[in-house]
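> You'll find start-v9.cif just under this line, and it carries mmCIF, C-alpha atoms.
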```
data_structure
loop_
_atom_site.label_atom_id
_atom_site.label_comp_id
_atom_site.auth_asym_id
_atom_site.auth_seq_id
_atom_site.Cartn_x
_atom_site.Cartn_y
_atom_site.Cartn_z
CA MET A 1 12.43 -25.79 -61.33
CA ALA A 2 14.97 -24.18 -59.06
CA THR A 3 13.59 -22.87 -55.77
CA ASP A 4 15.38 -21.45 -52.75
CA LEU A 5 17.01 -24.29 -50.86
CA THR A 6 19.73 -24.51 -48.24
CA VAL A 7 21.48 -27.87 -48.12
CA ALA A 8 24.02 -28.67 -45.41
CA VAL A 9 26.58 -31.39 -46.04
CA LEU A 10 27.92 -32.96 -42.88
CA SER A 11 29.70 -35.95 -41.41
CA GLY A 12 30.87 -37.15 -38.04
CA LYS A 13 34.52 -37.05 -38.95
CA GLY A 14 36.88 -35.30 -41.32
CA GLY A 15 37.88 -36.76 -44.67
CA THR A 16 34.60 -38.47 -45.56
CA GLY A 17 33.86 -36.20 -48.51
CA LYS A 18 31.95 -33.17 -47.24
CA THR A 19 33.92 -30.70 -49.31
CA LEU A 20 33.92 -32.99 -52.36
CA LEU A 21 30.12 -33.16 -52.28
CA SER A 22 29.50 -29.54 -51.33
CA VAL A 23 31.80 -28.14 -54.00
CA ASN A 24 30.40 -30.36 -56.74
CA LEU A 25 26.75 -29.78 -55.80
CA ALA A 26 27.31 -26.03 -55.96
CA ALA A 27 29.31 -26.35 -59.19
CA VAL A 28 26.59 -28.24 -61.08
CA ALA A 29 23.78 -25.90 -60.00
CA GLN A 30 22.90 -23.13 -62.45
CA LYS A 31 23.24 -20.61 -59.67
CA ALA A 32 24.46 -21.37 -56.18
CA THR A 33 26.22 -20.06 -53.11
CA TYR A 34 28.84 -22.26 -51.51
CA ILE A 35 29.59 -21.46 -47.85
CA ASP A 36 32.58 -23.13 -46.20
CA CYS A 37 31.66 -23.23 -42.50
CA ASP A 38 34.66 -25.37 -41.55
CA VAL A 39 36.32 -22.21 -40.27
CA GLU A 40 38.99 -24.11 -38.33
CA GLU A 41 40.34 -25.59 -41.54
CA PRO A 42 38.52 -24.29 -44.60
CA ASN A 43 39.53 -25.97 -47.85
CA GLY A 44 36.70 -25.20 -50.31
CA HIS A 45 38.82 -22.34 -51.66
CA LEU A 46 41.41 -24.87 -52.85
CA PHE A 47 38.86 -26.16 -55.36
CA PHE A 48 36.99 -23.02 -56.34
CA LYS A 49 40.10 -20.80 -56.36
CA PRO A 50 37.64 -17.91 -56.16
CA THR A 51 38.29 -14.33 -57.08
CA ILE A 52 38.01 -12.77 -53.61
CA LEU A 53 35.73 -9.74 -53.75
CA SER A 54 35.63 -8.82 -50.08
CA GLU A 55 37.26 -9.76 -46.81
CA ARG A 56 35.90 -8.63 -43.45
CA VAL A 57 37.47 -8.98 -40.01
CA VAL A 58 35.09 -10.46 -37.43
CA THR A 59 35.64 -9.35 -33.87
CA ILE A 60 34.35 -10.53 -30.54
CA PRO A 61 33.97 -8.46 -27.35
CA LYS A 62 36.13 -9.41 -24.37
CA PRO A 63 36.30 -7.75 -20.95
CA VAL A 64 39.38 -5.65 -20.27
CA VAL A 65 40.21 -4.61 -16.70
CA GLU A 66 41.25 -1.20 -15.46
CA GLN A 67 42.94 -2.43 -12.28
CA SER A 68 42.95 1.02 -10.66
CA LEU A 69 39.13 1.10 -10.69
CA CYS A 70 38.62 -2.44 -9.33
CA ASP A 71 37.89 -2.51 -5.60
CA GLY A 72 37.81 -6.32 -5.40
CA CYS A 73 34.08 -6.66 -4.74
CA ARG A 74 33.98 -10.02 -6.59
CA ILE A 75 30.57 -9.40 -8.15
CA CYS A 76 32.02 -10.29 -11.55
CA THR A 77 33.84 -13.45 -10.44
CA ALA A 78 30.72 -14.72 -8.68
CA ALA A 79 28.46 -13.92 -11.64
CA CYS A 80 30.57 -15.40 -14.43
CA ALA A 81 28.98 -18.69 -15.51
CA PHE A 82 32.19 -19.76 -17.25
CA ASN A 83 34.70 -19.08 -14.45
CA ALA A 84 36.57 -16.73 -16.77
CA LEU A 85 37.57 -14.31 -14.01
CA ALA A 86 39.69 -14.68 -10.87
CA LEU A 87 40.62 -12.15 -8.23
CA ILE A 88 44.02 -12.68 -6.65
CA GLY A 89 44.84 -10.06 -4.07
CA LYS A 90 43.96 -6.85 -5.86
CA GLN A 91 44.58 -8.25 -9.31
CA LEU A 92 41.59 -9.22 -11.45
CA LEU A 93 42.56 -11.87 -14.02
CA VAL A 94 40.54 -12.40 -17.21
CA PHE A 95 40.77 -15.64 -19.19
CA ASN A 96 39.72 -14.77 -22.71
CA GLU A 97 39.63 -18.30 -24.10
CA VAL A 98 37.19 -19.37 -21.38
CA CYS A 99 35.08 -16.18 -21.71
CA HIS A 100 31.94 -16.53 -23.84
CA SER A 101 31.56 -12.77 -24.42
CA CYS A 102 28.20 -12.66 -22.63
CA GLY A 103 28.84 -9.16 -21.28
CA LEU A 104 27.51 -9.91 -17.80
CA CYS A 105 30.68 -8.86 -15.94
CA THR A 106 30.94 -5.52 -17.70
CA THR A 107 27.24 -4.89 -17.11
CA LEU A 108 27.40 -5.73 -13.40
CA CYS A 109 30.68 -4.04 -12.45
CA PRO A 110 29.68 -1.18 -10.09
CA LYS A 111 33.02 0.58 -10.53
CA LYS A 112 33.13 0.38 -14.34
CA ALA A 113 36.48 -1.36 -13.98
CA LEU A 114 35.56 -3.79 -16.77
CA THR A 115 34.87 -2.66 -20.31
CA GLU A 116 34.20 -4.66 -23.44
CA VAL A 117 36.83 -4.30 -26.12
CA GLU A 118 36.40 -5.85 -29.55
CA GLN A 119 39.15 -8.30 -30.39
CA PRO A 120 39.82 -9.96 -33.75
CA LEU A 121 38.51 -13.51 -34.12
CA GLY A 122 38.93 -14.25 -37.82
CA VAL A 123 37.83 -13.15 -41.28
CA VAL A 124 34.91 -13.90 -43.55
CA ARG A 125 35.46 -13.69 -47.29
CA GLU A 126 33.23 -13.46 -50.32
CA GLY A 127 34.27 -14.35 -53.82
CA GLN A 128 33.15 -15.76 -57.13
CA HIS A 129 33.87 -18.83 -59.23
CA GLY A 130 31.86 -18.81 -62.46
CA THR A 131 28.21 -18.92 -61.45
CA VAL A 132 29.08 -19.96 -57.89
CA SER A 133 29.14 -17.31 -55.18
CA PHE A 134 31.79 -18.33 -52.70
CA GLU A 135 31.95 -17.53 -48.98
CA ASP A 136 34.22 -18.83 -46.29
CA GLY A 137 35.42 -18.01 -42.80
CA ILE A 138 38.94 -18.38 -41.45
CA LEU A 139 39.42 -18.54 -37.70
CA ASP A 140 42.58 -16.82 -36.48
CA ILE A 141 45.32 -19.16 -35.31
CA GLY A 142 45.13 -19.60 -31.52
CA GLN A 143 41.42 -18.80 -31.32
CA SER A 144 39.06 -21.50 -30.09
CA GLU A 145 35.66 -19.84 -30.42
CA ALA A 146 34.46 -20.71 -33.89
CA VAL A 147 30.72 -20.33 -33.26
CA PRO A 148 30.63 -16.50 -33.43
CA LEU A 149 32.61 -16.63 -36.70
CA ILE A 150 30.15 -19.14 -38.20
CA LYS A 151 27.27 -16.88 -37.10
CA ALA A 152 28.95 -13.94 -38.85
CA LEU A 153 29.53 -16.07 -41.94
CA LEU A 154 25.87 -17.11 -42.14
CA ARG A 155 24.54 -13.59 -41.66
CA ASN A 156 24.01 -12.95 -45.38
CA LYS A 157 20.66 -13.90 -46.85
CA HIS A 158 20.69 -15.81 -50.10
CA LYS A 159 18.37 -16.86 -52.88
CA ASP A 160 18.49 -20.01 -55.00
CA LEU A 161 20.65 -22.89 -53.86
CA VAL A 162 22.93 -22.55 -50.84
CA VAL A 163 25.35 -25.37 -50.05
CA ILE A 164 26.79 -25.37 -46.55
CA ASP A 165 30.08 -27.25 -46.18
CA SER A 166 29.82 -28.09 -42.48
CA PRO A 167 32.66 -28.54 -40.00
CA PRO A 168 33.26 -32.19 -39.10
CA GLY A 169 31.67 -33.75 -36.02
CA SER A 170 28.37 -33.31 -34.27
CA GLY A 171 29.11 -30.54 -31.76
CA CYS A 172 28.27 -26.87 -31.39
CA LEU A 173 30.02 -25.79 -34.58
CA VAL A 174 27.97 -28.22 -36.64
CA SER A 175 24.66 -27.30 -34.98
CA GLU A 176 25.42 -23.65 -35.71
CA ALA A 177 26.45 -24.33 -39.31
CA ILE A 178 23.30 -26.33 -40.13
CA SER A 179 20.88 -24.19 -38.09
CA GLY A 180 19.36 -22.60 -41.20
CA ALA A 181 19.48 -25.68 -43.42
CA ASP A 182 16.33 -27.01 -45.08
CA PHE A 183 17.94 -30.37 -45.75
CA CYS A 184 20.95 -32.23 -44.39
CA LEU A 185 23.02 -34.56 -46.52
CA LEU A 186 25.10 -36.89 -44.35
CA VAL A 187 28.24 -38.36 -45.89
CA ALA A 188 29.56 -41.66 -44.59
CA GLU A 189 32.49 -43.96 -45.20
CA PRO A 190 32.09 -47.75 -45.46
CA THR A 191 33.83 -48.57 -42.18
CA ARG A 192 32.74 -49.30 -38.60
CA PHE A 193 34.24 -45.98 -37.56
CA GLY A 194 32.32 -44.32 -40.40
CA ALA A 195 29.06 -45.92 -39.23
CA HIS A 196 29.70 -44.78 -35.66
CA ASN A 197 30.22 -41.19 -36.83
CA LEU A 198 27.18 -41.42 -39.08
CA ALA A 199 25.08 -42.44 -36.06
CA MET A 200 26.31 -39.35 -34.18
CA VAL A 201 25.40 -36.85 -36.90
CA HIS A 202 22.13 -38.66 -37.58
CA GLU A 203 21.20 -38.20 -33.93
CA LEU A 204 22.08 -34.50 -34.15
CA VAL A 205 19.94 -33.80 -37.23
CA GLN A 206 17.05 -35.72 -35.67
CA ILE A 207 17.29 -33.60 -32.52
CA LEU A 208 17.26 -30.49 -34.70
CA GLY A 209 14.32 -31.85 -36.68
CA LYS A 210 16.04 -31.59 -40.07
CA PRO A 211 15.03 -33.72 -43.03
CA CYS A 212 18.06 -35.77 -44.01
CA ALA A 213 19.49 -38.56 -46.12
CA VAL A 214 22.85 -40.26 -46.39
CA LEU A 215 25.25 -40.52 -49.28
CA LEU A 216 27.54 -43.53 -49.02
CA ASN A 217 31.00 -42.46 -50.13
CA LYS A 218 34.04 -44.54 -51.11
CA THR A 219 31.93 -47.66 -51.54
CA VAL A 220 33.49 -50.86 -52.84
CA GLU A 221 31.36 -53.31 -54.82
CA GLY A 222 30.65 -56.47 -52.87
CA ALA A 223 32.36 -55.30 -49.68
CA GLU A 224 30.47 -54.89 -46.43
CA ASN A 225 29.34 -51.37 -45.60
CA PRO A 226 28.55 -50.74 -41.92
CA SER A 227 27.24 -47.27 -42.76
CA GLU A 228 24.74 -48.76 -45.21
CA GLU A 229 23.69 -51.30 -42.56
CA TYR A 230 23.21 -48.47 -40.09
CA ALA A 231 21.07 -46.49 -42.54
CA ARG A 232 18.90 -49.49 -43.39
CA SER A 233 18.33 -50.44 -39.77
CA HIS A 234 17.59 -46.87 -38.65
CA GLY A 235 15.20 -45.76 -41.39
CA LEU A 236 17.71 -43.30 -42.83
CA SER A 237 17.11 -42.70 -46.51
CA ILE A 238 20.08 -43.60 -48.74
CA MET A 239 20.45 -41.05 -51.50
CA GLY A 240 23.06 -42.93 -53.44
CA SER A 241 26.56 -44.15 -53.30
CA LEU A 242 29.76 -42.81 -54.74
CA PRO A 243 32.13 -45.70 -55.46
CA TYR A 244 35.77 -45.40 -54.50
CA ASP A 245 37.58 -44.18 -57.60
CA ARG A 246 41.27 -43.51 -57.95
CA THR A 247 40.62 -40.97 -60.72
CA LEU A 248 38.35 -38.99 -58.41
CA ALA A 249 40.95 -39.13 -55.64
CA THR A 250 43.63 -37.88 -58.05
CA LEU A 251 41.47 -34.99 -59.31
CA THR A 252 40.70 -34.03 -55.72
CA SER A 253 44.36 -34.16 -54.71
CA GLU A 254 45.08 -31.75 -57.56
CA GLY A 255 42.41 -29.31 -56.36
CA LEU A 256 40.20 -29.95 -59.39
CA ILE A 257 36.39 -30.09 -59.34
CA ALA A 258 35.36 -33.51 -60.64
CA SER A 259 32.06 -32.33 -62.13
CA GLU A 260 33.92 -29.71 -64.16
CA GLU A 261 36.46 -32.24 -65.41
CA LEU A 262 34.48 -35.39 -66.19
CA ASP A 263 31.03 -35.67 -67.77
CA HIS A 264 29.98 -38.71 -65.77
CA TYR A 265 30.71 -36.89 -62.51
CA HIS A 266 28.78 -33.88 -63.76
CA ALA A 267 25.87 -36.23 -64.42
CA PHE A 268 26.23 -37.91 -61.02
CA PHE A 269 26.21 -34.66 -59.02
CA SER A 270 23.42 -33.13 -61.15
CA GLY A 271 21.33 -36.22 -60.46
CA LEU A 272 22.15 -36.04 -56.76
CA LEU A 273 21.14 -32.39 -56.64
CA GLU A 274 17.83 -33.17 -58.35
CA THR A 275 17.15 -35.95 -55.82
CA ILE A 276 17.95 -33.59 -52.94
CA ARG A 277 15.60 -30.93 -54.36
CA LYS A 278 12.84 -33.49 -54.68
CA GLU A 279 13.29 -34.99 -51.19
CA ALA A 280 13.56 -31.52 -49.63
CA ALA A 281 10.35 -30.44 -51.39
CA ASP A 282 8.57 -33.61 -50.20
CA ALA A 283 9.86 -33.05 -46.66
CA SER A 284 8.71 -29.43 -46.58
CA ASP A 285 5.25 -30.51 -47.79
CA THR A 286 4.87 -32.99 -44.95
CA HIS A 287 6.87 -31.14 -42.28
CA PRO A 288 6.81 -27.40 -42.98
CA GLN A 289 9.97 -26.01 -41.38
CA ARG A 290 9.55 -22.31 -41.74
CA MET B 1 51.51 -22.89 6.07
CA ILE B 2 48.61 -24.68 4.43
CA ILE B 3 49.33 -27.38 1.85
CA ALA B 4 46.60 -28.35 -0.63
CA ILE B 5 46.35 -31.73 -2.38
CA PRO B 6 43.61 -32.88 -4.76
CA ALA B 7 42.08 -36.03 -3.26
CA GLU B 8 39.86 -38.82 -4.55
CA ALA B 9 38.06 -39.06 -1.19
CA ASP B 10 37.88 -37.05 2.04
CA SER B 11 40.44 -39.04 4.00
CA LEU B 12 44.21 -38.92 4.43
CA ASP B 13 44.68 -42.47 3.13
CA SER B 14 42.81 -41.59 -0.08
CA ALA B 15 44.62 -41.58 -3.40
CA THR B 16 45.88 -38.27 -4.68
CA CYS B 17 43.56 -37.26 -7.55
CA VAL B 18 45.17 -37.15 -11.00
CA SER B 19 43.04 -34.15 -11.96
CA PHE B 20 43.50 -30.75 -10.37
CA GLY B 21 40.40 -28.77 -11.36
CA ARG B 22 38.03 -31.73 -11.42
CA ALA B 23 39.20 -33.37 -8.18
CA PRO B 24 36.23 -34.15 -5.88
CA TYR B 25 38.06 -32.95 -2.76
CA TYR B 26 41.11 -31.04 -1.64
CA CYS B 27 43.00 -31.94 1.49
CA LEU B 28 44.13 -28.80 3.32
CA TYR B 29 46.98 -29.67 5.67
CA ASN B 30 48.13 -27.08 8.18
CA THR B 31 51.84 -27.60 8.97
CA GLU B 32 51.68 -25.53 12.16
CA THR B 33 48.79 -27.37 13.80
CA GLU B 34 49.57 -30.65 11.94
CA SER B 35 45.86 -30.97 11.27
CA SER B 36 44.01 -31.64 8.04
CA THR B 37 40.59 -30.69 6.73
CA PHE B 38 38.88 -31.71 3.51
CA MET B 39 37.16 -29.26 1.23
CA THR B 40 34.60 -30.32 -1.38
CA ASN B 41 35.64 -28.94 -4.76
CA LEU B 42 32.57 -26.97 -5.82
CA ALA B 43 34.19 -26.22 -9.18
CA ALA B 44 34.39 -29.91 -10.13
CA ASP B 45 31.06 -29.87 -11.95
CA SER B 46 31.59 -26.56 -13.78
CA ALA B 47 30.87 -26.59 -17.49
CA GLY B 48 34.16 -24.79 -18.03
CA GLY B 49 36.92 -23.01 -16.18
CA ALA B 50 36.95 -25.57 -13.35
CA GLY B 51 40.69 -25.14 -12.82
CA ILE B 52 40.39 -21.36 -12.57
CA GLN B 53 37.60 -21.55 -10.02
CA ALA B 54 39.29 -24.31 -8.02
CA ALA B 55 42.52 -22.31 -7.92
CA GLN B 56 40.60 -19.24 -6.78
CA ASP B 57 38.94 -21.24 -4.00
CA LEU B 58 42.30 -22.59 -2.82
CA VAL B 59 43.90 -19.13 -2.90
CA ASP B 60 40.97 -17.93 -0.78
CA GLN B 61 41.83 -20.68 1.71
CA ARG B 62 45.28 -19.05 1.95
CA ILE B 63 47.22 -22.09 0.88
CA GLY B 64 50.98 -21.67 0.46
CA THR B 65 51.76 -24.86 -1.45
CA LEU B 66 49.92 -27.10 -3.88
CA ILE B 67 50.91 -30.71 -4.51
CA THR B 68 49.44 -31.98 -7.77
CA PHE B 69 50.14 -34.41 -10.59
CA ARG B 70 49.16 -31.92 -13.24
CA LEU B 71 47.84 -28.44 -13.71
CA GLY B 72 46.20 -26.53 -16.56
CA GLU B 73 47.73 -23.27 -17.74
CA ASN B 74 44.83 -21.11 -16.53
CA ALA B 75 44.87 -22.56 -13.03
CA ALA B 76 48.64 -22.13 -13.05
CA LYS B 77 48.25 -18.41 -13.85
CA VAL B 78 45.90 -17.96 -10.91
CA LEU B 79 48.21 -19.81 -8.51
CA GLN B 80 51.31 -18.07 -9.80
CA ALA B 81 49.63 -14.67 -9.36
CA ALA B 82 49.10 -15.67 -5.73
CA GLU B 83 52.75 -16.83 -5.50
CA ILE B 84 51.81 -20.34 -4.46
CA ALA B 85 54.50 -23.01 -4.65
CA ILE B 86 53.48 -25.87 -6.96
CA LEU B 87 55.04 -29.28 -6.44
CA LYS B 88 54.70 -32.47 -8.44
CA ALA B 89 52.82 -35.20 -6.60
CA LEU B 90 54.21 -38.73 -6.32
CA ASN B 91 51.97 -41.73 -6.93
CA LEU B 92 51.15 -41.98 -3.22
CA SER B 93 48.25 -41.39 -0.86
CA VAL B 94 47.43 -37.88 0.31
CA ALA B 95 49.13 -38.49 3.67
CA ASP B 96 52.24 -39.94 2.05
CA ASN B 97 52.52 -36.98 -0.33
CA ILE B 98 52.40 -34.64 2.68
CA ALA B 99 55.14 -36.72 4.32
CA ALA B 100 57.17 -36.70 1.10
CA LEU B 101 56.93 -32.90 0.98
CA GLN B 102 58.13 -32.58 4.55
CA GLU B 103 61.04 -34.90 3.79
CA GLY B 104 61.98 -32.68 0.84
CA LYS B 105 61.26 -35.41 -1.71
CA LEU B 106 58.94 -33.41 -3.97
CA ALA B 107 60.21 -31.45 -6.97
CA PRO B 108 58.55 -28.37 -8.45
CA LEU B 109 55.93 -29.12 -11.15
CA GLU B 110 57.80 -28.38 -14.38
CA GLU B 111 55.01 -28.47 -16.93
CA VAL B 112 51.50 -27.12 -17.18
CA HIS B 113 49.15 -28.45 -19.86
CA ALA B 114 47.09 -26.37 -22.24
CA GLY B 115 43.87 -27.46 -20.59
CA PHE B 116 40.85 -29.26 -21.93
CA HIS B 117 38.70 -26.19 -22.36
CA HIS B 118 37.08 -25.39 -25.65
CA GLY B 119 35.21 -22.41 -26.88
CA HIS B 120 32.23 -24.54 -27.67
#
```
Give the structure from the file, written as structure tokens.

Amino acid sequence: MATDLTVAVLSGKGGTGKTLLSVNLAAVAQKATYIDCDVEEPNGHLFFKPTILSERVVTIPKPVVEQSLCDGCRICTAACAFNALALIGKQLLVFNEVCHSCGLCTTLCPKKALTEVEQPLGVVREGQHGTVSFEDGILDIGQSEAVPLIKALLRNKHKDLVVIDSPPGSGCLVSEAISGADFCLLVAEPTRFGAHNLAMVHELVQILGKPCAVLLNKTVEGAENPSEEYARSHGLSIMGSLPYDRTLATLTSEGLIASEELDHYHAFFSGLLETIRKEAADASDTHPQR
Amino acid sequence: MIIAIPAEADSLDSATCVSFGRAPYYCLYNTETESSTFMTNLAADSAGGAGIQAAQDLVDQRIGTLITFRLGENAAKVLQAAEIAILKALNLSVADNIAALQEGKLAPLEEVHAGFHHGH
């Protein structure tokens, strides 16, 4: 039985298979929403090729100075926790890429010399691919603040299955992307580097108290797998392994969705989704999250 | 004129610090009195914008020249707004860099880097 479930797919580095898994999990579900939170380099759209139904510009407030009103009192420069303001002579300088849009300077300015002005940050899009509702965010080139865009992207409430294609790594962007997830699927490569990155994301999901499991990707029969060793020695549940397959790599390089092309991949991802649903249900029974 | 140099320690024979914004100290050398003082860089532990704050603090000390190995673009904007000369440090102690400046051996810093700041 299909119940509401938000699954985040994440990994400590790029190229391990987050998008491959996210896209295919959403594709095999009867009804699902796929959300590409890798707003710095979204690529889910290359596979779903969705019909875009809406596109919305996301803005972020930044302080703008009216120099003629500034009397150089330095209340704003002293208050800014991010050192985003400097006063040189009578000129107040604002550093937008350091500013976190907290609004403190504009609130405190006694002369109303600072005002918040909305500035474009990126876009969020909604679209459709068959039964899959598609959403992604695209950060504008030159922008470095992806968190507010991810927040805007995750604002919609969904029913049924939601698959979050997380940004790579284990930093702020990832914590934001997986904040609403009921279950985290970690993807790991069979290398030492892969195991190191797996350890980093595993630590993150443990800090956030998320139920999780690992899928071992690009496995080679008989070869050593440091990620598998890590999982076994750290009590991390292994949800399966996806052997390295040149056919799969070729399909992916052509922007095709493996589960839509080959029956055995459809069966693999359907089985994986069922396992996730079961583990997530078990986890919510023992550790109610919300 | 006051010359500022990022320093690893608070002494003239200390190494010149490779970082500008995160340097633990700045040597402030007054060319008129030929005396030096050391200022603790309070911005060094900032979560972000250390270069901006450090540059502001040095401008407030009325420096005329900065000798540094490198400089982020934000700190450079602050210093340029204050019309401070920025010279490239040589791999020498603080005292020897001051001497090199006075002997005309230091060239202007040609490049500023994009900084290590992130929005997250």
> Quote the spacing between CA of Val220 in chain A and CA of Pro243 in chain A in Å to one decimal place.
5.9 Å
> Take the point (50.2, -23.6, 1.7) as written in the file and pick out every residue within 7 Å of it, counting only C-alpha atoms; give the list as a ChimeraX atom specification.
/B:1-4,62-66
> If we count only C-alpha atoms, what is near range 8-23 of chain B at a cut-off of 7 Å, once residues fewer than 3 positions away on the same chain are taken out, given as a count of residues only?
15
> Write out as a list in words every residue belonging to chain A that has an atom at most 8 Å from any atom of chain B, counting only C-alpha atoms.
Phe82, Asn83, Ala84, Leu85, Ala86, Leu87, Ile88, Gly89, Leu93, Phe95, Glu97, Val98, His100, Ser144, Glu145, Ala146, Val147, Gly171, Cys172 and Leu173 of chain A
> I'd like the contact shell of Leu161 in chain A - 7 Å cut-off, all atoms listed in the file, skipping same-chain residues fewer than 6 positions apart - returned as a ChimeraX atom specification.
/A:4-6,31-33
> Run through the PyMOL selection byres ((chain A and resi 267-277) around 10) on the given coordinates and return the selected residues as a ChimeraX atom specification.
/A:1-7,21-29,161,183-185,212-213,215,239-242,258-259,262-266,278-283
> Report as a list in words the residues that result from applying the PyMOL selection byres ((chain A and resi 55) around 7) to the structure here.
Ser54, Arg56, Val57, Val123, Val124, Arg125 and Glu126 of chain A
> What does the distance between CA of Ser11 in chain A and CA of Cys37 in chain A come to in Å, to one decimal place?
12.9 Å
> Selection in question (the file shown): the PyMOL selection byres ((chain A and resi 12-15) around 8). Which residues does it include, as JSON, numbers by chain?
{"A": [10, 11, 16, 17, 18, 168, 169, 170, 194, 197, 198, 200, 201]}
> Quick one: write out the picked residues with C-alpha atoms as a PDB file, keeping the file's coordinate frame?

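Just written: result.pdb:
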```
ATOM      1  CA  LEU A  10      27.920 -32.960 -42.880  1.00  0.00           C
ATOM      2  CA  SER A  11      29.700 -35.950 -41.410  1.00  0.00           C
ATOM      3  CA  THR A  16      34.600 -38.470 -45.560  1.00  0.00           C
ATOM      4  CA  GLY A  17      33.860 -36.200 -48.510  1.00  0.00           C
ATOM      5  CA  LYS A  18      31.950 -33.170 -47.240  1.00  0.00           C
ATOM      6  CA  PRO A 168      33.260 -32.190 -39.100  1.00  0.00           C
ATOM      7  CA  GLY A 169      31.670 -33.750 -36.020  1.00  0.00           C
ATOM      8  CA  SER A 170      28.370 -33.310 -34.270  1.00  0.00           C
ATOM      9  CA  GLY A 194      32.320 -44.320 -40.400  1.00  0.00           C
ATOM     10  CA  ASN A 197      30.220 -41.190 -36.830  1.00  0.00           C
ATOM     11  CA  LEU A 198      27.180 -41.420 -39.080  1.00  0.00           C
ATOM     12  CA  MET A 200      26.310 -39.350 -34.180  1.00  0.00           C
ATOM     13  CA  VAL A 201      25.400 -36.850 -36.900  1.00  0.00           C
TER      14      VAL A 201
END
```
> Could you name the residues that touch range 49-52 of chain A at 10 Å or less, counting all atoms listed in the file, but leaving out those on the same chain fewer than 6 positions away, as a list in words?
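Returned residues: Asn43, Arg125, Glu126, Gly127, Gln128, His129, Gly130, Val132, Ser133, Phe134, Glu135, Gly255 and Leu256 of chain A.
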> A:Ile141, A:Leu251, A:Val214, A:Leu53: which is nearest Glu40 in chain A, counting only C-alpha atoms?
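When distances to Glu40 in chain A are compared using only C-alpha atoms, the smallest one comes from A:Ile141.
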> Might I get the box with edges along x, y and z of the file that holds all atoms of range 9-18 of chain B listed there, padded by 5 Å on every side, given as centre and edge lengths in Å to one decimal, as AutoDock Vina command-line options?

```
--center_x 41.9 --center_y -39.8 --center_z -3.3 --size_x 18.0 --size_y 15.4 --size_z 25.4
```
> Anything within 10 Å of (59.1, -27.2, -14.1): list those residues as a list in words, counting all atoms listed in the file and sticking to the file's coordinates.
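Collected hits near the coordinates: Ile86, Leu87, Lys88, Ala107, Pro108, Leu109, Glu110, Glu111 and Val112 of chain B.
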> Quick one: of A:Phe193, A:Lys157, A:Glu254, A:Lys151, who's nearest to Ser179 in chain A, counting only C-alpha atoms?
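Using only C-alpha atoms, Ser179 in chain A sits closest to A:Lys151.
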> Using all atoms listed in the file, pick whichever of A:Ile257, A:Ala113, A:Ile238, A:Ala188 has the shortest atom-to-atom distance to Pro226 in chain A.
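For Pro226 in chain A, the nearest of the given residues is A:Ala188.
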> Please indicate the distance in Å from CA of Lys112 in chain A to CA of Glu66 in chain A, rounded to one decimal place.
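So the answer is 8.3 Å.
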> Which residue is closest to Ala76 in chain B? Choose from B:Cys27, B:Ala114, B:Met39, B:Leu106 and count only C-alpha atoms.
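Of the candidates, the smallest distance to Ala76 in chain B is held by B:Ala114.
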> Using only C-alpha atoms, can you tell me which of A:Leu186, A:Ile75, A:Ile164, A:Leu20 comes closest to Ile35 in chain A?
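Of A:Leu186, A:Ile75, A:Ile164, A:Leu20, the one nearest Ile35 in chain A is A:Ile164, counting only C-alpha atoms.
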> When you count only C-alpha atoms, which of these residues is closest to Thr107 in chain A: A:Ala79, A:Gly137, A:Phe47, A:Val39?
A:Ala79
